[in-house]
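With compact mmCIF, C-alpha atoms inside, this is protein-v9.txt:
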# COMPACT_ATOMS: atom_id res chain seq x y z
CA MET A 185 -86.36 33.95 1.74
CA SER A 186 -82.80 34.94 2.33
CA LEU A 187 -79.40 33.43 3.04
CA VAL A 188 -76.35 34.59 4.95
CA TRP A 189 -73.09 35.24 3.12
CA LEU A 190 -69.89 35.19 5.20
CA TYR A 191 -67.06 37.60 4.55
CA ALA A 192 -64.72 37.21 7.49
CA VAL A 193 -64.42 36.47 11.16
CA ARG A 194 -62.83 38.91 13.58
CA GLY A 195 -63.02 40.27 17.12
CA ALA A 196 -66.50 41.30 18.27
CA ALA A 197 -65.52 44.83 19.30
CA ALA A 198 -65.39 46.72 15.98
CA ALA A 199 -68.41 48.00 14.06
CA ALA A 200 -69.64 46.39 10.82
CA PRO A 201 -68.05 47.60 7.56
CA THR A 202 -70.12 50.09 5.59
CA ARG A 203 -69.14 49.03 2.08
CA THR A 204 -71.85 47.44 -0.05
CA GLY A 205 -71.76 43.64 -0.13
CA VAL A 206 -72.12 40.94 -2.78
CA ASP A 207 -75.87 41.39 -3.12
CA GLY A 208 -75.87 45.16 -2.71
CA GLU A 209 -76.63 44.64 0.96
CA GLU A 210 -75.22 46.42 3.99
CA PRO A 211 -72.89 44.11 5.90
CA ARG A 212 -73.66 43.33 9.55
CA LEU A 213 -72.24 41.23 12.36
CA VAL A 214 -73.21 37.92 13.91
CA VAL A 215 -71.58 37.91 17.32
CA HIS A 216 -70.73 34.90 19.44
CA GLY A 217 -68.60 35.47 22.53
CA GLU A 218 -65.40 37.27 21.56
CA LEU A 219 -65.85 36.61 17.88
CA ALA A 220 -67.95 38.25 15.19
CA ALA A 221 -68.70 37.02 11.71
CA VAL A 222 -69.00 39.82 9.16
CA VAL A 223 -72.01 38.71 7.12
CA GLY A 224 -74.52 39.96 4.59
CA THR A 225 -78.14 39.02 4.01
CA VAL A 226 -78.44 37.85 0.42
CA SER A 227 -81.34 36.63 -1.66
CA GLU A 228 -81.90 32.88 -1.83
CA GLN A 229 -82.54 32.90 -5.53
CA GLY A 230 -79.26 34.65 -6.25
CA PHE A 231 -77.14 32.59 -3.88
CA ASP A 232 -78.49 29.08 -3.52
CA GLU A 233 -76.57 26.04 -4.81
CA GLN A 234 -77.84 26.37 -8.32
CA ALA A 235 -77.24 30.10 -8.57
CA LEU A 236 -73.71 29.81 -7.21
CA ALA A 237 -72.86 26.93 -9.51
CA ALA A 238 -74.05 29.02 -12.44
CA ALA A 239 -72.07 31.99 -11.13
CA MET A 240 -68.88 29.94 -11.26
CA ASP A 241 -69.22 29.90 -15.02
CA ASP A 242 -70.09 33.52 -15.38
CA LEU A 243 -66.97 35.62 -15.27
CA PRO A 244 -68.64 39.04 -15.04
CA ARG A 245 -70.71 37.78 -12.10
CA ILE A 246 -67.68 36.18 -10.45
CA GLU A 247 -65.86 39.44 -10.88
CA ARG A 248 -68.62 41.39 -9.13
CA LEU A 249 -68.79 38.84 -6.32
CA ALA A 250 -65.03 38.72 -5.92
CA ARG A 251 -64.60 42.48 -5.84
CA ALA A 252 -67.47 43.01 -3.39
CA HIS A 253 -66.31 40.14 -1.16
CA HIS A 254 -62.79 41.48 -1.12
CA GLY A 255 -63.96 45.09 -0.62
CA VAL A 256 -65.97 44.33 2.51
CA ILE A 257 -63.16 42.24 4.01
CA ALA A 258 -60.57 44.91 3.16
CA GLU A 259 -62.64 47.49 5.02
CA ALA A 260 -63.09 45.17 8.00
CA ALA A 261 -59.32 44.61 8.05
CA GLU A 262 -58.71 48.31 8.59
CA ALA A 263 -60.27 48.00 12.04
CA GLY A 264 -58.16 45.07 13.27
CA PRO A 265 -57.18 41.50 12.49
CA VAL A 266 -59.55 39.51 10.27
CA ALA A 267 -59.76 35.89 9.17
CA PRO A 268 -61.06 36.14 5.57
CA LEU A 269 -63.35 33.39 4.33
CA ARG A 270 -63.16 31.87 0.91
CA LEU A 271 -65.62 33.20 -1.64
CA ALA A 272 -69.09 31.64 -1.50
CA THR A 273 -69.38 30.55 2.12
CA VAL A 274 -73.12 30.69 2.67
CA TYR A 275 -75.36 29.72 5.61
CA ARG A 276 -79.13 29.41 5.98
CA ASP A 277 -79.41 31.77 8.94
CA ASP A 278 -77.61 33.61 11.71
CA ALA A 279 -78.09 30.73 14.16
CA ALA A 280 -76.06 28.44 11.89
CA VAL A 281 -73.33 31.08 11.67
CA ALA A 282 -73.25 31.42 15.47
CA ARG A 283 -72.99 27.61 15.80
CA MET A 284 -70.02 27.61 13.43
CA LEU A 285 -68.34 30.38 15.47
CA ALA A 286 -68.86 28.34 18.61
CA GLU A 287 -67.49 25.14 17.07
CA ARG A 288 -64.43 26.73 15.52
CA SER A 289 -63.74 29.45 18.05
CA SER A 290 -60.30 28.19 18.97
CA ASP A 291 -58.92 27.86 15.42
CA LEU A 292 -60.47 31.16 14.42
CA ALA A 293 -58.93 32.90 17.43
CA ALA A 294 -55.57 31.35 16.50
CA VAL A 295 -55.83 32.73 12.96
CA LEU A 296 -56.60 36.19 14.31
CA GLU A 297 -53.56 36.01 16.59
CA ARG A 298 -51.36 34.93 13.73
CA VAL A 299 -52.30 37.85 11.49
CA ARG A 300 -52.58 40.53 14.18
CA GLY A 301 -50.51 43.61 13.29
CA ARG A 302 -49.59 42.14 9.92
CA ARG A 303 -50.67 42.77 6.35
CA GLU A 304 -50.39 40.76 3.17
CA TRP A 305 -48.43 42.19 0.23
CA GLY A 306 -48.31 40.60 -3.21
CA VAL A 307 -45.13 40.86 -5.25
CA LYS A 308 -44.75 40.03 -8.91
CA VAL A 309 -41.36 40.32 -10.52
CA TYR A 310 -40.77 40.51 -14.23
CA VAL A 311 -37.40 40.21 -15.92
CA ASP A 312 -36.41 40.27 -19.51
CA ALA A 313 -35.41 36.65 -19.91
CA LYS A 314 -34.10 37.28 -23.40
CA ALA A 315 -31.92 40.19 -22.32
CA GLU A 316 -28.64 38.31 -22.53
CA ALA A 317 -26.63 39.09 -25.63
CA PRO A 318 -26.93 36.25 -28.12
CA ALA A 319 -23.86 34.05 -28.27
CA ALA A 320 -21.71 34.48 -31.37
CA GLU A 321 -23.12 32.28 -34.12
CA PRO A 322 -20.71 29.52 -34.97
CA ALA A 323 -19.68 30.00 -38.60
CA ALA A 324 -19.58 26.90 -40.78
CA GLU A 325 -20.87 28.06 -44.13
CA ASP A 326 -19.18 25.21 -45.96
CA ARG A 327 -21.20 22.73 -43.91
CA PRO A 328 -24.81 23.96 -43.81
CA GLY A 329 -26.06 20.90 -41.92
CA THR A 330 -23.55 21.30 -39.12
CA SER A 331 -24.15 25.00 -39.07
CA TYR A 332 -27.88 24.43 -38.67
CA LEU A 333 -27.42 21.96 -35.84
CA LEU A 334 -24.98 24.24 -34.04
CA ARG A 335 -27.42 27.11 -34.37
CA ARG A 336 -30.25 25.00 -33.01
CA ARG A 337 -28.12 23.87 -30.11
CA ALA A 338 -27.11 27.44 -29.30
CA GLN A 339 -30.78 28.47 -29.36
CA ARG A 340 -31.72 25.63 -27.07
CA ASP A 341 -28.89 26.41 -24.67
CA ARG A 342 -29.94 30.05 -24.53
CA GLY A 343 -33.51 29.00 -23.74
CA VAL A 344 -32.32 26.73 -20.94
CA ALA A 345 -29.98 29.43 -19.64
CA ALA A 346 -32.79 32.01 -19.66
CA ALA A 347 -35.15 29.71 -17.75
CA GLU A 348 -32.40 28.89 -15.29
CA ARG A 349 -31.62 32.56 -14.83
CA ALA A 350 -35.29 33.40 -14.26
CA ARG A 351 -35.53 30.68 -11.65
CA ARG A 352 -32.42 31.96 -9.92
CA VAL A 353 -33.68 35.54 -9.89
CA ALA A 354 -37.02 34.40 -8.47
CA ASP A 355 -35.42 32.31 -5.73
CA THR A 356 -33.04 35.07 -4.68
CA LEU A 357 -35.74 37.73 -4.53
CA ASP A 358 -38.17 35.46 -2.76
CA ALA A 359 -35.54 34.60 -0.14
CA ALA A 360 -34.68 38.27 0.42
CA LEU A 361 -38.35 39.23 0.86
CA ALA A 362 -39.17 36.19 2.99
CA ALA A 363 -36.32 37.15 5.32
CA VAL A 364 -38.11 40.34 6.36
CA ALA A 365 -41.63 38.89 6.19
CA GLN A 366 -43.42 36.79 8.78
CA SER A 367 -44.51 34.19 6.22
CA ALA A 368 -44.23 33.79 2.47
CA ILE A 369 -46.22 31.87 -0.13
CA ARG A 370 -45.43 31.35 -3.78
CA LEU A 371 -48.41 31.71 -6.09
CA LYS A 372 -48.59 30.35 -9.62
CA ILE A 373 -46.89 32.37 -12.30
CA GLN A 374 -49.63 34.15 -14.25
CA ASP A 375 -49.86 33.51 -17.96
CA ALA A 376 -48.22 36.26 -19.97
CA ARG A 377 -50.45 35.94 -23.03
CA LEU A 378 -52.67 38.83 -22.17
CA SER A 379 -50.44 40.92 -19.98
CA GLY A 380 -49.03 42.78 -22.94
CA ARG A 381 -45.68 42.81 -21.18
CA THR A 382 -42.55 41.90 -23.05
CA GLN A 383 -40.92 40.75 -19.85
CA ASP A 384 -41.54 37.38 -18.25
CA MET A 385 -43.04 37.00 -14.82
CA VAL A 386 -40.45 35.15 -12.78
CA LEU A 387 -42.00 35.52 -9.35
CA ASN A 388 -45.57 35.71 -8.12
CA ALA A 389 -45.51 35.53 -4.37
CA THR A 390 -47.30 36.94 -1.39
CA TYR A 391 -45.96 37.87 2.03
CA LEU A 392 -47.39 38.42 5.47
CA VAL A 393 -45.48 41.40 6.80
CA ASP A 394 -45.42 42.96 10.26
CA THR A 395 -46.50 46.60 9.95
CA ALA A 396 -43.28 47.41 11.84
CA ALA A 397 -41.24 45.61 9.15
CA GLU A 398 -42.90 47.25 6.14
CA GLU A 399 -40.06 49.76 5.90
CA ASP A 400 -37.52 46.93 5.56
CA PHE A 401 -39.76 45.14 3.09
CA ARG A 402 -39.89 48.30 0.96
CA ALA A 403 -36.12 48.60 1.09
CA VAL A 404 -35.70 45.06 -0.25
CA LEU A 405 -38.16 45.82 -3.05
CA ALA A 406 -36.26 48.99 -3.99
CA GLY A 407 -33.09 46.90 -4.27
CA ILE A 408 -34.78 44.42 -6.60
CA GLU A 409 -35.85 47.16 -8.93
CA GLY A 410 -32.23 48.31 -9.11
CA ASP A 411 -31.27 44.92 -10.50
CA GLY A 412 -33.09 45.57 -13.76
CA ALA A 413 -36.21 43.71 -12.79
CA THR A 414 -39.69 45.22 -12.88
CA VAL A 415 -41.56 44.84 -9.64
CA ALA A 416 -45.32 45.08 -9.25
CA VAL A 417 -46.54 45.28 -5.69
CA THR A 418 -50.15 44.78 -4.67
CA GLY A 419 -51.75 45.36 -1.34
CA PRO A 420 -52.21 45.71 1.45
CA TRP A 421 -54.48 42.68 1.23
CA PRO A 422 -56.47 41.22 4.05
CA PRO A 423 -54.44 38.11 4.97
CA PHE A 424 -56.27 35.77 2.57
CA SER A 425 -53.19 33.70 1.83
CA PHE A 426 -52.30 33.24 5.47
CA ALA A 427 -55.67 32.47 6.96
CA GLU A 428 -55.45 28.71 6.73
CA ALA A 429 -53.07 27.06 9.17
CA PRO A 430 -49.81 26.39 7.31
CA MET B 281 -60.50 48.02 -3.37
CA THR B 282 -57.04 47.86 -1.99
CA SER B 283 -55.22 51.11 -1.60
CA GLY B 284 -52.87 52.28 -4.34
CA GLY B 285 -50.02 50.02 -3.34
CA LEU B 286 -46.85 50.31 -1.41
CA PRO B 287 -44.80 53.26 -2.57
CA VAL B 288 -41.33 51.98 -3.17
CA PRO B 289 -38.67 54.60 -2.35
CA GLY B 290 -36.89 56.04 -5.36
CA ASN B 291 -39.49 54.61 -7.66
CA THR B 292 -42.31 57.06 -7.72
CA ALA B 293 -42.25 57.28 -11.49
CA ARG B 294 -44.84 54.56 -12.02
CA PRO B 295 -47.67 54.89 -9.58
CA PRO B 296 -50.44 54.48 -12.15
CA GLU B 297 -49.16 51.08 -13.16
CA ARG B 298 -49.00 50.01 -9.55
CA ARG B 299 -52.52 51.20 -8.98
CA MET B 300 -53.75 49.17 -11.92
CA GLU B 301 -51.87 46.13 -10.69
CA SER B 302 -53.47 46.48 -7.29
CA THR B 303 -56.97 46.09 -8.67
CA ASN B 304 -56.11 43.36 -11.14
CA LEU B 305 -58.94 40.83 -11.09
CA ALA B 306 -56.62 37.85 -11.37
CA ASP B 307 -54.87 38.97 -8.18
CA ILE B 308 -58.18 39.17 -6.36
CA LEU B 309 -59.40 35.81 -7.68
CA GLU B 310 -56.12 34.17 -6.78
CA ARG B 311 -56.93 35.05 -3.21
CA VAL B 312 -60.70 34.90 -2.81
CA LEU B 313 -61.08 31.62 -4.72
CA ASP B 314 -57.89 29.85 -3.75
CA LYS B 315 -57.14 31.23 -0.31
CA GLY B 316 -59.11 32.27 2.72
CA ILE B 317 -60.55 29.98 5.34
CA VAL B 318 -62.56 27.11 3.97
CA ILE B 319 -65.66 26.37 6.00
CA ALA B 320 -68.42 24.22 4.60
CA GLY B 321 -71.52 26.39 4.87
CA ASP B 322 -75.09 25.24 4.44
CA ILE B 323 -75.02 25.96 0.74
CA ARG B 324 -72.73 23.49 -0.97
CA VAL B 325 -70.86 24.93 -3.83
CA ASN B 326 -69.40 22.42 -6.19
CA LEU B 327 -65.67 22.77 -5.62
CA LEU B 328 -65.02 21.17 -8.95
CA ASP B 329 -66.62 24.16 -10.61
CA ILE B 330 -64.46 26.51 -8.64
CA GLU B 331 -61.41 24.55 -9.57
CA LEU B 332 -62.30 24.75 -13.22
CA LEU B 333 -62.83 28.43 -12.89
CA THR B 334 -59.45 29.00 -11.33
CA ILE B 335 -57.89 26.95 -14.08
CA LYS B 336 -59.67 29.13 -16.57
CA ILE B 337 -58.39 32.24 -14.87
CA ARG B 338 -54.90 30.85 -14.85
CA LEU B 339 -55.05 30.04 -18.50
CA LEU B 340 -56.20 33.44 -19.20
CA VAL B 341 -54.46 35.14 -16.90
CA ALA B 342 -52.75 38.35 -16.41
CA SER B 343 -56.02 40.05 -16.33
CA VAL B 344 -59.56 39.53 -17.35
CA ASP B 345 -59.96 43.30 -17.42
CA LYS B 346 -57.26 43.55 -19.99
CA ALA B 347 -58.79 40.77 -22.05
CA ARG B 348 -62.11 42.53 -22.10
CA GLU B 349 -60.50 45.80 -23.03
CA MET B 350 -59.05 43.96 -25.97
CA GLY B 351 -62.42 42.45 -26.80
CA ILE B 352 -61.16 38.95 -26.13
CA ASP B 353 -63.65 36.54 -24.61
CA TRP B 354 -62.62 33.21 -26.07
CA TRP B 355 -62.76 31.47 -22.73
CA GLU B 356 -66.48 32.02 -22.61
CA HIS B 357 -66.96 30.06 -25.82
CA ASP B 358 -64.26 27.44 -25.59
CA PRO B 359 -66.04 24.23 -24.51
CA SER B 360 -62.93 22.84 -22.88
CA LEU B 361 -62.83 25.87 -20.60
CA SER B 362 -66.49 25.98 -19.76
CA SER B 363 -67.36 23.47 -17.06
CA GLY B 364 -71.14 23.64 -17.06
CA LYS B 365 -71.76 23.93 -20.75
CA ARG B 366 -69.60 21.12 -22.03
CA ASP B 367 -71.62 19.11 -24.48
CA LEU B 368 -71.52 15.61 -23.06
CA THR B 369 -73.74 14.22 -25.78
CA GLU B 370 -71.29 15.31 -28.42
CA GLU B 371 -68.37 13.98 -26.40
CA ASN B 372 -70.17 10.65 -25.99
CA ARG B 373 -70.83 10.44 -29.67
CA ARG B 374 -67.19 11.15 -30.44
CA LEU B 375 -65.99 8.48 -28.00
CA ARG B 376 -68.42 5.88 -29.35
CA ARG B 377 -67.24 6.57 -32.87
CA ARG B 378 -63.64 6.16 -31.78
CA ILE B 379 -64.38 2.88 -29.99
CA GLY B 380 -66.14 1.65 -33.11
CA GLU B 381 -63.08 2.45 -35.19
CA LEU B 382 -60.75 0.72 -32.78
CA GLU B 383 -62.92 -2.39 -32.66
CA ALA B 384 -63.14 -2.53 -36.41
CA ALA B 385 -59.38 -2.26 -36.68
CA ARG B 386 -58.88 -4.98 -34.11
CA ASN B 387 -61.32 -7.36 -35.80
CA ALA B 388 -59.60 -6.82 -39.11
CA GLU B 389 -56.31 -7.66 -37.48
CA LEU B 390 -57.66 -10.84 -35.88
CA GLU B 391 -59.14 -12.00 -39.15
CA ALA B 392 -55.89 -11.44 -41.03
CA PRO B 393 -54.08 -14.69 -41.95
CA ARG B 394 -51.53 -15.62 -39.27
CA GLU B 395 -48.84 -16.72 -41.71
CA VAL B 396 -48.45 -13.20 -42.97
CA ARG B 397 -47.09 -12.08 -39.65
CA PRO B 398 -44.75 -14.58 -38.03
CA LYS B 399 -44.89 -14.58 -34.24
CA ARG B 400 -41.34 -13.54 -33.58
CA ARG B 401 -41.47 -10.51 -35.80
CA SER B 402 -44.72 -9.33 -34.41
CA ALA B 403 -43.39 -9.67 -30.85
CA ALA B 404 -40.35 -7.65 -31.79
CA ARG B 405 -42.58 -5.02 -33.31
CA ASN B 406 -44.63 -4.80 -30.20
CA ARG B 407 -41.51 -4.22 -28.18
CA GLU B 408 -40.49 -1.41 -30.45
CA ASP B 409 -43.90 0.14 -30.24
CA ARG B 410 -43.72 0.30 -26.50

Could I get this structure in the form of structure tokens?
Amino acid sequence: MSLVWLYAVRGAAAAAPTRTGVDGEEPRLVVHGELAAVVGTVSEQGFDEQALAAAMDDLPRIERLARAHHGVIAEAAEAGPVAPLRLATVYRDDAAVARMLAERSSDLAAVLERVRGRREWGVKVYVDAKAEAPAAEPAAEDRPGTSYLLRRRAQRDRGVAAAERARRVADTLDAALAAVAQSAIRLKIQDARLSGRTQDMVLNATYLVDTAAEEDFRAVLAGIEGDGATVAVTGPWPPFSFAEAP
Amino acid sequence: MTSGGLPVPGNTARPPERRMESTNLADILERVLDKGIVIAGDIRVNLLDIELLTIKIRLLVASVDKAREMGIDWWEHDPSLSSGKRDLTEENRRLRRRIGELEAARNAELEAPREVRPKRRSAARNREDR
């Protein structure tokens, strides 16, 4: 027995991607009218409810699924607009997939229109929040208690100032990038515990950018770097973050 | 995988870092688990599990790859981060024990002689506790 894993929906014209799928399978298409679902035939025992629930707790497996899912969609995206599906969208058979395409054809077509000629770029910005020179320590040696409290207050104020500064930097950069992008979405700041970076992530955002505007987008990024911030750009991504109607 | 990343003009000094960033697992998970079109297929995946997983990833963060490189896998053993393997029996036992303690304390309080704690004072104390 087998199941059908969905990667993405796109126009019916292009050929199926050649990259290996989540179960080592070769992706294929299920066509309905103008639309095609990029799918893969996967084993029932590896992808039924129970197996998928177990997979959600198995990071190495999730990693393999996520990378394969993303890889197939990324290849499909090279041939034209795609509407990526969330990981683990699984149907019993092709007929069920075709029914879904029929039922949702108008929203899916709208998604494809929205992302046509555009690519998603992720931008993470790191700044050194502790870069500001420490304020002069108030001297009050004759009153150790006061001195301690003043020191604590100065520390607290610096912490607040640093957080405020990080927020300001993030907002400014996000606004500058959003101005040249079609759409923008803020993602959660990633935890710094394992990044090994000494700088703090102040912005984790993703942008849907017209291919014609990529030059401008790059120019804005170059400016950010000049401000002493470290910028990490990822992409191009298939438009995962912009597939759902806003 | 995604291509090496967008070359930023005047900043060609760090392409390897950008390349690594572009294949960062957390970046992929952020998108494939949290974004993308949601369509209920025939196989129902417990969204709660997915949610827990994304929380896990967020806790862990920057990169699972990096964590593994460092030999860190605490999330796989931490019961509070593992949705399926949480020991409910143990949790139940702990809660029962706690309820028992609270009940015992309450009974002791009820049995205590009233005169020891005049009404007004005890009301005032309750207000302070709040």

Specify as a PyMOL selection string all residues of chain A found within 8 Å of chain B, counting all atoms listed in the file. chain A and resi 232-233+236-238+240-241+247+250-251+253-255+258+267-276+374-379+402-403+405-406+416-421+423-428

Distance of atom CA of Ala389 of chain A from atom CA of Val206 of chain A, expressed in Å to one decimal place: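 Interatomic distance, atom CA of Val206 of chain A to atom CA of Ala389 of chain A: 27.2 Å.
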
Length of the atom CA of Ala354 of chain A to atom CA of Arg300 of chain A vector [Å]: 28.2 Å

For atom CA of Gly224 of chain A and atom CA of Ala200 of chain A, quote the distance in Å rounded to one decimal.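 Between atom CA of Gly224 of chain A and atom CA of Ala200 of chain A the gap works out to 10.2 Å.
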
If we count all atoms listed in the file and set the cut-off at 8 Å, which residues sit around Leu392 of chain A, ignoring sequence neighbours fewer than 4 positions away in its own chain? Please answer as a list in words. Val299, Arg302, Arg303, Glu304, Trp305, Ala365, Gln366, Ser367, Ala368, Pro423 and Phe426 of chain A

Find the residues near Val222 of chain A: any atom within 10 Å, counting all atoms listed in the file, skip ones fewer than 5 places away on the same chain, and give them as a PyMOL selection string. chain A and resi 188-196+199-201+211-215+256-257+260+266+268-269
